[in-house]
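Take a look at the structure below.
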Amino acid sequence: MNEPRFTRLQRSLEQGFTLAPKAVFQEAWGRIYGAKLPILLAAIGVVGCWLLLNQLLVMVAGEGEDSMWGASLMGLAISMIMAPMSGGLDMMGIYRAVDRPIRPSQIFDYFRYLLPLALASMIMGLITSLFLPLGQSLGLPPMLSLLPTLVLSVALMFTFPLILEKGMTPLQAILTSLRLFSRQWMAMLLIHMLLVLFFMAAVMTFGIGLIWVAPLYVVVKGIIYREACGIEGTDPSPAQADEQPSSFSQSKDHFDA
């Protein structure tokens, strides 16, 4: 990680980074204007493909034990197909966080990373799926058993962008994401809890609120990635970085960290 594009990331891993939930949401709210439509169309595309592929899985798998292998293979195919699209949605948030142009079709730009993204998705799925049956075997309530899985899903949020933007291997990206999470776990959990509350409120408005909440979620993730990892072509030089205060600036374009 001695290359310039890893400067911010290396500093975050060694010294930590700053996240102020209020500042993150304030900036994200400003950045969704002019970006809601492309992000919404991209999100609808991802969800639509996921629903279509899962419906196909149900039709192919059918019923009975003989269909178990078919369902497993189809599930693997769905994971492989959806990983680049999910990563593309993450990259849209990152692009918006640094004022780069975004478009709905961006979710289809990363299929050349199909293998590493699919491998990372399978590893993450295996890790996060261990705790629910373990908790149930210990007699814990379902919600309590699910808690480690939810925390891990937040801890692994950097994985796809680290593969796509930093060129890491799946294992490197997963381990780096966990290390970054350990640096600001409280702020990241608080931000995601607020996002869950926003989604619940949006659903109560018959889904109308999702017009704002869905893009907000994508952009918030992009801002968090920018602050933790930096983005190639936008980071200040090491000399400039040393002169900057480790706090959020009031500019709507970027945070100084």
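Residues in the structure tokens are numbered from 1 in each chain, the chains being A, B, ... in the order shown, and ligands are numbered from 1 in the order shown.
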Leaving out Pro21 of chain A and any residue of its chain fewer than 3 positions from it, which residues lie within 10 Å of it when counting only C-alpha atoms, given as a ChimeraX atom specification? /A:18,24-26,187-192,194,220,224
Taking 5 positions as the minimum chain separation for residues in the same chain, which residues sit within 6 Å of segment 164-176 of chain A when counting only C-alpha atoms? Answer as a PDB file with all heavy atoms, in the first residue's frame.
```pdb
ATOM      1  N   PRO A 116     -13.690 -11.845  -8.851  1.00  0.00           N
ATOM      2  CA  PRO A 116     -13.351 -11.422  -7.490  1.00  0.00           C
ATOM      3  C   PRO A 116     -14.556 -10.952  -6.685  1.00  0.00           C
ATOM      4  O   PRO A 116     -14.637 -11.213  -5.474  1.00  0.00           O
ATOM      5  CB  PRO A 116     -12.346 -10.282  -7.707  1.00  0.00           C
ATOM      6  CG  PRO A 116     -12.546  -9.830  -9.111  1.00  0.00           C
ATOM      7  CD  PRO A 116     -12.980 -11.035  -9.869  1.00  0.00           C
ATOM      8  N   ALA A 120     -15.807 -12.720  -3.274  1.00  0.00           N
ATOM      9  CA  ALA A 120     -15.975 -11.929  -2.056  1.00  0.00           C
ATOM     10  C   ALA A 120     -17.389 -12.069  -1.502  1.00  0.00           C
ATOM     11  O   ALA A 120     -17.592 -12.187  -0.288  1.00  0.00           O
ATOM     12  CB  ALA A 120     -15.670 -10.458  -2.336  1.00  0.00           C
ATOM     13  N   THR A 159     -16.027  -3.679   1.212  1.00  0.00           N
ATOM     14  CA  THR A 159     -15.399  -4.774   0.470  1.00  0.00           C
ATOM     15  C   THR A 159     -15.471  -4.583  -1.046  1.00  0.00           C
ATOM     16  O   THR A 159     -14.438  -4.610  -1.733  1.00  0.00           O
ATOM     17  CB  THR A 159     -16.037  -6.119   0.857  1.00  0.00           C
ATOM     18  OG1 THR A 159     -15.894  -6.321   2.270  1.00  0.00           O
ATOM     19  CG2 THR A 159     -15.348  -7.266   0.117  1.00  0.00           C
TER      20      THR A 159
END
```
Name the residues in contact with segment 33-36 of chain A at a cut-off of 8 Å, using only C-alpha atoms, excluding same-chain residues fewer than 4 positions from it; report them as a PyMOL selection string.
-> chain A and resi 29+40+96+102+211-212+215
Could those residues be written to a file, using N, CA and C atoms, as a compact mmCIF listing (two decimals), in the first residue's frame?
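Result file follows (selection_19.txt):
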```
# COMPACT_ATOMS: atom_id res chain seq x y z
N TRP A 29 -27.41 14.77 2.00
CA TRP A 29 -28.70 15.38 1.63
C TRP A 29 -28.50 16.42 0.53
N LEU A 40 -32.01 6.18 -8.37
CA LEU A 40 -33.25 5.41 -8.25
C LEU A 40 -33.41 4.40 -9.38
N ARG A 96 -20.57 10.09 -6.74
CA ARG A 96 -21.34 11.28 -6.35
C ARG A 96 -20.66 12.01 -5.21
N ILE A 102 -22.54 10.43 -12.86
CA ILE A 102 -23.09 9.09 -12.67
C ILE A 102 -24.22 8.88 -13.68
N ILE A 211 -37.99 7.78 -2.56
CA ILE A 211 -37.44 8.66 -3.59
C ILE A 211 -36.25 9.44 -3.04
N TRP A 212 -36.30 9.76 -1.75
CA TRP A 212 -35.19 10.48 -1.10
C TRP A 212 -34.28 9.54 -0.31
N PRO A 215 -31.59 7.13 -2.55
CA PRO A 215 -30.38 7.84 -2.97
C PRO A 215 -29.53 8.30 -1.78
```
Tell me which of A:Leu216, A:Ala20, A:Leu37, A:Cys229 sits closest to Leu162 of chain A, counting only C-alpha atoms.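 Of A:Leu216, A:Ala20, A:Leu37, A:Cys229, the one nearest Leu162 of chain A, counting only C-alpha atoms, is A:Cys229.
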Original post:
For Leu115 of chain A, which of A:Met143, A:Ser137, A:Met82, A:Asp90 is the closest residue, counting only C-alpha atoms?
Top reply: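 Checking each of A:Met143, A:Ser137, A:Met82, A:Asp90 against Leu115 of chain A, counting only C-alpha atoms, the winner is A:Met82.
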Secondary structure check, helix (DSSP H, G or I) residues of segment 110-251 of chain A, as JSON, numbers by chain
{"A": [111, 112, 113, 114, 115, 116, 117, 118, 119, 120, 121, 122, 123, 124, 125, 126, 127, 128, 131, 132, 133, 134, 135, 136, 137, 142, 143, 144, 145, 146, 147, 148, 149, 150, 151, 152, 153, 154, 155, 159, 160, 161, 162, 163, 164, 165, 166, 170, 171, 172, 173, 174, 175, 176, 177, 178, 179, 180, 181, 182, 183, 185, 186, 187, 188, 189, 190, 191, 192, 193, 194, 195, 196, 197, 198, 199, 200, 201, 202, 203, 204, 210, 211, 212, 213, 214, 215, 216, 217, 218, 219, 220, 221, 222, 223, 224, 225, 226, 227, 228, 229, 238, 239, 240, 241, 242, 243]}
